[in-house]
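Below is one structure, written out as structure tokens; the observations come after it.
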2 protein chains.
Amino acid sequence: MEKSGPTRRERPKLSRDRVLEAAVAVADAGGIGGLTIRSLAQELGVKPMSVYYHVANKEEILDGIVDYVFSQIDLPSADGDWRTELRKRAESARRVLRRHSWAIGLMESRTSPGPATLRHHNAVLGTLRAAGFSVEMTAHAYALLDSYIYGFAIQEASLPFEGPDSVAQVSEAIMARFASGEYPHMVEMATEYTNQGGYDFGNEFEFGLTLILDGLSPA
Amino acid sequence: MEKSGPTRRERPKLSRDRVLEAAVAVADAGGIGGLTIRSLAQELGVKPMSVYYHVANKEEILDGIVDYVFSQIDLPSADGDWRTELRKRAESARRVLRRHSWAIGLMESRTSPGPATLRHHNAVLGTLRAAGFSVEMTAHAYALLDSYIYGFAIQEASLPFEGPDSVAQVSEAIMARFASGEYPHMVEMATEYTNQGGYDFGNEFEFGLTLILDGLSPA
DNA sequence: GCACCTTTCGTACTTAGTACGGCAACGGTA
DNA sequence: TACCGTTGCCGTACTAAGTACGAAAGGTGC
């Protein structure tokens with residue numbers, strides 16, 4: 001008589017990985033605030049309590065998606081020119097963090113790194129050591145590089161616009177508030193530079209990255 | 001007959017500022033997750049709905065405390081040596097962000113800067129311009145400096161320990177997980193450097209800051 | 001004493017995390 | 001085939017949190 005209903009495997013079956021993937025998708029679409037167990041279940045086409053079979057709680061999901069983000073970043077190789085390798089991984093990291101900008105805020109509150117995160121850190125340390133950096137110098141360089149990458153990502157995320165040009169419209173509206181003359185340097189920056197057309201904050205990344213890489217050397 | 005009760009102004013009377021101060025205190029004590037309207041009301045000694053007379057909603061509180069954090073950072077002066085001034089404000093910013101580490105994650109999601117935030121940005125831009133940096137170079141330098149400061153603060157916040165020495169115990173526990181030999185460079189870093197005693201990640205800040213300031217120059 | 005404004009609060013609705021136990025499908029074993 | 005344990009999913013329901021709505025409580029000027 002066939003009880004009807006989706007008895008058959010029309011749905012690919014849940015798994016911890018599918019849960020995390022869906023969580024990333026939901027967060028990408030609606031920010032971390034839009035990620036709830038219910039919205040996640042909806043994305044997966046199941047009922048809320050179903051996800052709890054695969055993860056212990058929401059915390060574990062948050063830890064999991066942060067680690068997922070790290071897994072997306074290209075690892076540097078210990079062979080090859082260290083500056084080139086570290087530049088590539090820095091640019092990769094920035095791209096990934098721009099796509100999943102909710103991850104930055106999340107990192108501040110997660111203190112238990114996952115396997116991809118550890119692998120990532122280990123690879124960067126390995127590249128620096130192979131380049132001849134002392135252990136101490138490696139620590140310095142690593143803290144500096146990652147600070148720059150994460151901080152740049154934060155700033156990019158907190159800009160009220162995105163990509164080239166869109167700056168102008170938004171900031172012009174904001175500038176109206178500045179008519180008071182209270183923030184002359186911000187007005188100057190906007191009118192003479194960022195609002196000149198074609199400005200993309202993302203391009204600022206290279207300047208700092210180059211300055212930092214040039215300033216570092218094995219010693 | 002005196003109806004009793006706290007009719008008299010035993011409580012100093014609420015205000016938007018008192019609400020924000022209390023919100024900062026609650027967040028400092030229990031993280032941003034511990035900040036709820038109810039916990040905030042409790043801190044203030046009032047009932048939850050009372051705070052809504054002074055702020056429109058929780059979002060406004062979040063915007064408000066981020067701006068409060070910026071107001072705590074020392075502004076650089078446009079007179080005086082620019083490197084000295086920018087170093088002082090960078091160190092001030094780091095101290096403030098360490099005390100209120102929840103602010104970092106919040107910045108990623110807030111896109112409407114408050115007055116203290118604008119004043120802060122304006123002052124830094126002014127210092128760079130006064131030092132002879134072109135508008136374009138000012139933009140580069142500013143993005144670089146703030147990226148470093150924010151990123152460093154994020155890393156400091158996401159460390160599973162705090163202050164000198166406490167590193168060792170924690171990381172030893174973690175190291176057990178590394179027995180696999182899968183993360184040799186992290187193990188090396190820990191055993192040969194960070195766990196040697198007296199290590200304080202906070203000291204890494206100076207290295208990068210100096211490298212960056214030395215790498216910059218008006219041009 | 002009265003009208004009115006300011007400030008605080010009581011009630012209650014909505015959304016979100018999740019404990020607990022039920023139940024169907026599946027696989028192995030007697 | 002009949003039984004049974006395991007796996008995976010879900011229904012119900014409780015708790016915490018944001019907040020709409022409107023009332024109460026105190027102060028102020030006439």
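Each chain in the structure tokens gets a letter, A, B, ..., in the order shown, and its residues are numbered from 1; ligands are numbered from 1 in order too.
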Next on the checklist: DSSP on the backbone: which residues in range 62-127 of chain A end up as alpha helix (DSSP H)? Give the answer as a ChimeraX atom specification.
Outcome noted: /A:62-71,82-99,102-107,115-127
Fit chain B to chain A: least squares, all C-alpha atoms, paired in order; write the output as an mmCIF file with C-alpha atoms, in the first residue's frame.
data_model
loop_
_atom_site.group_PDB
_atom_site.id
_atom_site.type_symbol
_atom_site.label_atom_id
_atom_site.label_comp_id
_atom_site.auth_asym_id
_atom_site.auth_seq_id
_atom_site.Cartn_x
_atom_site.Cartn_y
_atom_site.Cartn_z
ATOM 1 C CA MET B 1 -0.810 0.520 -0.027
ATOM 2 C CA GLU B 2 2.386 2.536 0.265
ATOM 3 C CA LYS B 3 2.313 4.985 3.093
ATOM 4 C CA SER B 4 3.605 7.688 0.706
ATOM 5 C CA GLY B 5 5.915 10.318 2.167
ATOM 6 C CA PRO B 6 9.614 10.697 1.482
ATOM 7 C CA THR B 7 10.512 7.276 2.723
ATOM 8 C CA ARG B 8 12.990 6.740 -0.035
ATOM 9 C CA ARG B 9 16.336 8.411 0.149
ATOM 10 C CA GLU B 10 15.383 11.424 -1.824
ATOM 11 C CA ARG B 11 17.482 13.271 0.678
ATOM 12 C CA PRO B 12 21.156 12.282 0.687
ATOM 13 C CA LYS B 13 21.121 11.569 4.417
ATOM 14 C CA LEU B 14 22.513 13.882 7.010
ATOM 15 C CA SER B 15 26.062 13.887 8.291
ATOM 16 C CA ARG B 16 28.201 16.135 10.372
ATOM 17 C CA ASP B 17 29.892 17.426 7.250
ATOM 18 C CA ARG B 18 26.637 18.202 5.492
ATOM 19 C CA VAL B 19 25.461 20.027 8.596
ATOM 20 C CA LEU B 20 28.585 22.184 8.654
ATOM 21 C CA GLU B 21 28.428 22.908 4.935
ATOM 22 C CA ALA B 22 24.847 24.007 5.240
ATOM 23 C CA ALA B 23 25.726 26.143 8.245
ATOM 24 C CA VAL B 24 28.372 27.920 6.194
ATOM 25 C CA ALA B 25 25.877 28.489 3.406
ATOM 26 C CA VAL B 26 23.321 29.940 5.782
ATOM 27 C CA ALA B 27 25.897 32.195 7.431
ATOM 28 C CA ASP B 28 27.148 33.369 4.049
ATOM 29 C CA ALA B 29 23.641 34.263 3.030
ATOM 30 C CA GLY B 30 22.323 35.860 6.178
ATOM 31 C CA GLY B 31 25.258 36.550 8.448
ATOM 32 C CA ILE B 32 26.086 34.701 11.604
ATOM 33 C CA GLY B 33 22.943 36.117 13.191
ATOM 34 C CA GLY B 34 20.859 34.395 10.572
ATOM 35 C CA LEU B 35 22.294 31.045 11.505
ATOM 36 C CA THR B 36 19.894 29.353 13.864
ATOM 37 C CA ILE B 37 19.203 25.695 14.372
ATOM 38 C CA ARG B 38 15.874 26.224 12.710
ATOM 39 C CA SER B 39 17.220 28.075 9.681
ATOM 40 C CA LEU B 40 19.909 25.441 9.371
ATOM 41 C CA ALA B 41 17.377 22.618 9.499
ATOM 42 C CA GLN B 42 15.330 24.359 6.859
ATOM 43 C CA GLU B 43 18.372 24.643 4.599
ATOM 44 C CA LEU B 44 18.932 20.913 5.040
ATOM 45 C CA GLY B 45 15.309 20.057 4.500
ATOM 46 C CA VAL B 46 14.929 18.419 7.888
ATOM 47 C CA LYS B 47 13.423 19.265 11.250
ATOM 48 C CA PRO B 48 15.421 21.201 13.840
ATOM 49 C CA MET B 49 16.063 18.373 16.241
ATOM 50 C CA SER B 50 17.535 16.211 13.523
ATOM 51 C CA VAL B 51 20.754 18.151 13.431
ATOM 52 C CA TYR B 52 21.391 17.326 17.070
ATOM 53 C CA TYR B 53 22.074 13.771 16.153
ATOM 54 C CA HIS B 54 25.199 14.930 14.322
ATOM 55 C CA VAL B 55 26.452 17.724 16.542
ATOM 56 C CA ALA B 56 26.269 18.149 20.280
ATOM 57 C CA ASN B 57 25.121 21.758 20.252
ATOM 58 C CA LYS B 58 25.380 25.034 18.431
ATOM 59 C CA GLU B 59 28.801 25.776 19.874
ATOM 60 C CA GLU B 60 30.148 22.738 18.090
ATOM 61 C CA ILE B 61 28.694 24.045 14.854
ATOM 62 C CA LEU B 62 30.405 27.383 15.353
ATOM 63 C CA ASP B 63 33.733 25.725 16.098
ATOM 64 C CA GLY B 64 33.201 23.519 13.078
ATOM 65 C CA ILE B 65 32.545 26.268 10.564
ATOM 66 C CA VAL B 66 35.523 28.283 11.750
ATOM 67 C CA ASP B 67 37.696 25.256 11.135
ATOM 68 C CA TYR B 68 36.018 24.802 7.779
ATOM 69 C CA VAL B 69 37.005 28.329 6.834
ATOM 70 C CA PHE B 70 40.620 27.607 7.698
ATOM 71 C CA SER B 71 40.477 24.490 5.574
ATOM 72 C CA GLN B 72 39.690 26.682 2.576
ATOM 73 C CA ILE B 73 42.901 28.691 2.827
ATOM 74 C CA ASP B 74 45.781 27.581 0.602
ATOM 75 C CA LEU B 75 48.727 26.266 2.597
ATOM 76 C CA PRO B 76 52.193 27.638 1.913
ATOM 77 C CA SER B 77 54.871 25.218 0.851
ATOM 78 C CA ALA B 78 58.145 24.940 2.782
ATOM 79 C CA ASP B 79 59.994 24.680 -0.518
ATOM 80 C CA GLY B 80 59.962 27.574 -2.920
ATOM 81 C CA ASP B 81 60.613 31.213 -2.155
ATOM 82 C CA TRP B 82 59.235 31.971 1.280
ATOM 83 C CA ARG B 83 58.032 35.446 0.366
ATOM 84 C CA THR B 84 56.130 34.108 -2.609
ATOM 85 C CA GLU B 85 54.619 31.316 -0.580
ATOM 86 C CA LEU B 86 53.553 33.550 2.267
ATOM 87 C CA ARG B 87 52.150 36.101 -0.102
ATOM 88 C CA LYS B 88 50.029 33.489 -1.802
ATOM 89 C CA ARG B 89 48.652 32.156 1.434
ATOM 90 C CA ALA B 90 47.973 35.700 2.680
ATOM 91 C CA GLU B 91 46.018 36.540 -0.434
ATOM 92 C CA SER B 92 44.170 33.258 -0.223
ATOM 93 C CA ALA B 93 43.292 33.950 3.389
ATOM 94 C CA ARG B 94 41.974 37.367 2.537
ATOM 95 C CA ARG B 95 39.783 36.015 -0.232
ATOM 96 C CA VAL B 96 38.381 33.343 2.027
ATOM 97 C CA LEU B 97 37.718 35.749 4.880
ATOM 98 C CA ARG B 98 36.010 38.148 2.538
ATOM 99 C CA ARG B 99 33.655 35.456 1.363
ATOM 100 C CA HIS B 100 32.958 34.283 4.916
ATOM 101 C CA SER B 101 33.320 37.509 6.806
ATOM 102 C CA TRP B 102 31.312 36.218 9.769
ATOM 103 C CA ALA B 103 34.292 33.993 10.559
ATOM 104 C CA ILE B 104 36.359 36.891 11.793
ATOM 105 C CA GLY B 105 34.044 37.809 14.606
ATOM 106 C CA LEU B 106 33.713 34.173 15.536
ATOM 107 C CA MET B 107 37.426 33.649 15.913
ATOM 108 C CA GLU B 108 37.504 36.074 18.783
ATOM 109 C CA SER B 109 35.314 33.813 20.877
ATOM 110 C CA ARG B 110 36.545 30.342 19.887
ATOM 111 C CA THR B 111 39.552 29.099 21.758
ATOM 112 C CA SER B 112 39.673 25.476 20.674
ATOM 113 C CA PRO B 113 41.225 25.216 17.227
ATOM 114 C CA GLY B 114 40.184 22.392 14.924
ATOM 115 C CA PRO B 115 42.437 20.181 12.828
ATOM 116 C CA ALA B 116 42.399 22.361 9.709
ATOM 117 C CA THR B 117 43.312 25.370 11.821
ATOM 118 C CA LEU B 118 46.229 23.545 13.376
ATOM 119 C CA ARG B 119 47.386 22.234 10.023
ATOM 120 C CA HIS B 120 47.286 25.762 8.694
ATOM 121 C CA HIS B 121 49.315 27.233 11.524
ATOM 122 C CA ASN B 122 51.776 24.398 11.350
ATOM 123 C CA ALA B 123 52.358 24.919 7.636
ATOM 124 C CA VAL B 124 53.052 28.632 8.023
ATOM 125 C CA LEU B 125 55.472 28.040 10.855
ATOM 126 C CA GLY B 126 57.174 25.371 8.764
ATOM 127 C CA THR B 127 57.642 27.734 5.837
ATOM 128 C CA LEU B 128 59.247 30.363 8.022
ATOM 129 C CA ARG B 129 61.560 27.896 9.717
ATOM 130 C CA ALA B 130 62.594 26.405 6.385
ATOM 131 C CA ALA B 131 63.416 29.916 5.166
ATOM 132 C CA GLY B 132 65.943 30.190 7.943
ATOM 133 C CA PHE B 133 63.997 32.211 10.515
ATOM 134 C CA SER B 134 64.932 31.451 14.089
ATOM 135 C CA VAL B 135 62.205 30.133 16.337
ATOM 136 C CA GLU B 136 61.871 33.504 17.994
ATOM 137 C CA MET B 137 61.856 35.399 14.721
ATOM 138 C CA THR B 138 59.291 32.975 13.381
ATOM 139 C CA ALA B 139 57.019 33.816 16.268
ATOM 140 C CA HIS B 140 57.406 37.522 15.588
ATOM 141 C CA ALA B 141 56.833 37.202 11.882
ATOM 142 C CA TYR B 142 53.852 34.966 12.305
ATOM 143 C CA ALA B 143 52.117 37.202 14.794
ATOM 144 C CA LEU B 144 52.720 40.170 12.525
ATOM 145 C CA LEU B 145 51.493 38.538 9.341
ATOM 146 C CA ASP B 146 48.368 37.067 10.810
ATOM 147 C CA SER B 147 47.532 40.222 12.677
ATOM 148 C CA TYR B 148 47.640 42.085 9.416
ATOM 149 C CA ILE B 149 45.544 39.541 7.558
ATOM 150 C CA TYR B 150 42.839 39.261 10.185
ATOM 151 C CA GLY B 151 42.751 42.956 10.871
ATOM 152 C CA PHE B 152 42.463 43.782 7.215
ATOM 153 C CA ALA B 153 39.603 41.351 6.903
ATOM 154 C CA ILE B 154 37.832 42.970 9.835
ATOM 155 C CA GLN B 155 38.123 46.398 8.345
ATOM 156 C CA GLU B 156 36.906 45.176 5.000
ATOM 157 C CA ALA B 157 33.945 43.550 6.675
ATOM 158 C CA SER B 158 33.012 46.609 8.640
ATOM 159 C CA LEU B 159 32.960 48.894 5.661
ATOM 160 C CA PRO B 160 29.423 49.913 4.851
ATOM 161 C CA PHE B 161 29.938 49.081 1.194
ATOM 162 C CA GLU B 162 31.513 46.418 -0.923
ATOM 163 C CA GLY B 163 33.719 46.360 -3.977
ATOM 164 C CA PRO B 164 34.781 49.106 -6.335
ATOM 165 C CA ASP B 165 32.862 52.312 -6.685
ATOM 166 C CA SER B 166 29.997 51.500 -4.390
ATOM 167 C CA VAL B 167 31.957 53.569 -1.917
ATOM 168 C CA ALA B 168 30.918 56.831 -3.420
ATOM 169 C CA GLN B 169 27.173 56.705 -3.011
ATOM 170 C CA VAL B 170 27.252 55.455 0.517
ATOM 171 C CA SER B 171 29.913 57.781 1.743
ATOM 172 C CA GLU B 172 28.283 60.752 0.133
ATOM 173 C CA ALA B 173 25.225 60.093 2.210
ATOM 174 C CA ILE B 174 27.395 59.817 5.281
ATOM 175 C CA MET B 175 29.332 62.912 4.371
ATOM 176 C CA ALA B 176 26.178 64.917 4.766
ATOM 177 C CA ARG B 177 26.495 64.274 8.475
ATOM 178 C CA PHE B 178 29.962 65.757 8.334
ATOM 179 C CA ALA B 179 28.821 69.083 7.042
ATOM 180 C CA SER B 180 29.539 70.320 10.520
ATOM 181 C CA GLY B 181 33.192 70.442 9.561
ATOM 182 C CA GLU B 182 33.976 68.325 12.558
ATOM 183 C CA TYR B 183 35.821 65.653 10.598
ATOM 184 C CA PRO B 184 37.788 67.561 7.976
ATOM 185 C CA HIS B 185 40.360 64.864 7.335
ATOM 186 C CA MET B 186 37.735 62.243 6.680
ATOM 187 C CA VAL B 187 36.034 64.550 4.262
ATOM 188 C CA GLU B 188 39.300 65.212 2.497
ATOM 189 C CA MET B 189 40.039 61.523 2.238
ATOM 190 C CA ALA B 190 36.644 60.838 0.787
ATOM 191 C CA THR B 191 36.440 63.680 -1.695
ATOM 192 C CA GLU B 192 40.019 63.553 -2.896
ATOM 193 C CA TYR B 193 40.635 59.855 -2.901
ATOM 194 C CA THR B 194 38.102 57.180 -2.101
ATOM 195 C CA ASN B 195 35.283 58.857 -3.948
ATOM 196 C CA GLN B 196 37.257 59.572 -7.099
ATOM 197 C CA GLY B 197 35.812 56.496 -8.761
ATOM 198 C CA GLY B 198 37.267 53.047 -9.150
ATOM 199 C CA TYR B 199 38.420 52.950 -5.553
ATOM 200 C CA ASP B 200 38.442 49.524 -4.004
ATOM 201 C CA PHE B 201 39.544 49.171 -0.412
ATOM 202 C CA GLY B 202 40.601 45.626 -1.182
ATOM 203 C CA ASN B 203 43.541 46.974 -3.163
ATOM 204 C CA GLU B 204 45.013 48.428 -0.004
ATOM 205 C CA PHE B 205 45.922 44.918 1.025
ATOM 206 C CA GLU B 206 48.939 44.645 -1.266
ATOM 207 C CA PHE B 207 50.620 47.770 0.042
ATOM 208 C CA GLY B 208 50.769 46.600 3.620
ATOM 209 C CA LEU B 209 51.551 43.030 2.743
ATOM 210 C CA THR B 210 54.519 44.095 0.655
ATOM 211 C CA LEU B 211 55.785 46.459 3.307
ATOM 212 C CA ILE B 212 55.611 43.706 5.886
ATOM 213 C CA LEU B 213 57.211 41.013 3.748
ATOM 214 C CA ASP B 214 59.995 43.388 2.725
ATOM 215 C CA GLY B 215 60.578 44.315 6.320
ATOM 216 C CA LEU B 216 60.992 40.722 7.391
ATOM 217 C CA SER B 217 64.081 38.654 6.850
ATOM 218 C CA PRO B 218 65.605 35.516 8.292
ATOM 219 C CA ALA B 219 68.082 36.461 10.956
#
Which residues come within 12 Å of DG22 in chain C, counting only C-alpha atoms (C1' of nucleotides), excluding same-chain residues fewer than 5 positions away, as a PDB file with N, CA and C atoms (P, O5', C5', C4', C3', O3' and C1' of nucleotides), in the first residue's frame?
ATOM      1  P    DC D   9      19.398  11.418   9.348  1.00  0.00           P
ATOM      2  O5'  DC D   9      17.962  11.715   9.964  1.00  0.00           O
ATOM      3  C5'  DC D   9      16.831  11.124   9.334  1.00  0.00           C
ATOM      4  C4'  DC D   9      15.595  11.374  10.161  1.00  0.00           C
ATOM      5  C3'  DC D   9      15.270  12.843  10.412  1.00  0.00           C
ATOM      6  O3'  DC D   9      14.042  13.134   9.740  1.00  0.00           O
ATOM      7  C1'  DC D   9      14.993  11.530  12.385  1.00  0.00           C
ATOM      8  P    DC D  10      13.441  14.597   9.690  1.00  0.00           P
ATOM      9  O5'  DC D  10      12.505  14.632  10.971  1.00  0.00           O
ATOM     10  C5'  DC D  10      11.410  13.731  11.031  1.00  0.00           C
ATOM     11  C4'  DC D  10      10.785  13.757  12.401  1.00  0.00           C
ATOM     12  C3'  DC D  10      10.255  15.122  12.861  1.00  0.00           C
ATOM     13  O3'  DC D  10       8.885  14.964  13.162  1.00  0.00           O
ATOM     14  C1'  DC D  10      11.435  14.023  14.589  1.00  0.00           C
ATOM     15  P    DG D  11       7.870  16.109  12.994  1.00  0.00           P
ATOM     16  O5'  DG D  11       6.974  15.975  14.306  1.00  0.00           O
ATOM     17  C5'  DG D  11       6.607  14.686  14.800  1.00  0.00           C
ATOM     18  C4'  DG D  11       6.000  14.810  16.185  1.00  0.00           C
ATOM     19  C3'  DG D  11       5.337  16.149  16.484  1.00  0.00           C
ATOM     20  O3'  DG D  11       4.165  15.935  17.259  1.00  0.00           O
ATOM     21  C1'  DG D  11       7.186  15.807  17.967  1.00  0.00           C
ATOM     22  P    DT D  12       3.401  17.152  17.927  1.00  0.00           P
ATOM     23  O5'  DT D  12       4.089  17.323  19.361  1.00  0.00           O
ATOM     24  C5'  DT D  12       4.271  16.171  20.167  1.00  0.00           C
ATOM     25  C4'  DT D  12       4.759  16.574  21.545  1.00  0.00           C
ATOM     26  C3'  DT D  12       4.183  17.883  22.079  1.00  0.00           C
ATOM     27  O3'  DT D  12       3.820  17.687  23.437  1.00  0.00           O
ATOM     28  C1'  DT D  12       6.545  17.950  22.161  1.00  0.00           C
TER      29       DT D  12
END
Item to check | Distance criterion (only C-alpha atoms (C1' of nucleotides)): nearest to chain B out of D:DC30, D:DC3, D:DA20, D:DT15 | outcome: D:DA20
Next on the checklist: Show me, as a list in words, the residues of chain D whose atoms get within 12 Å of chain B, using only C-alpha atoms (C1' of nucleotides) for the distance check.
Outcome noted: DA16, DA17, DG18, DT19, DA20, DC21, DA25, DG26 and DG27 of chain D
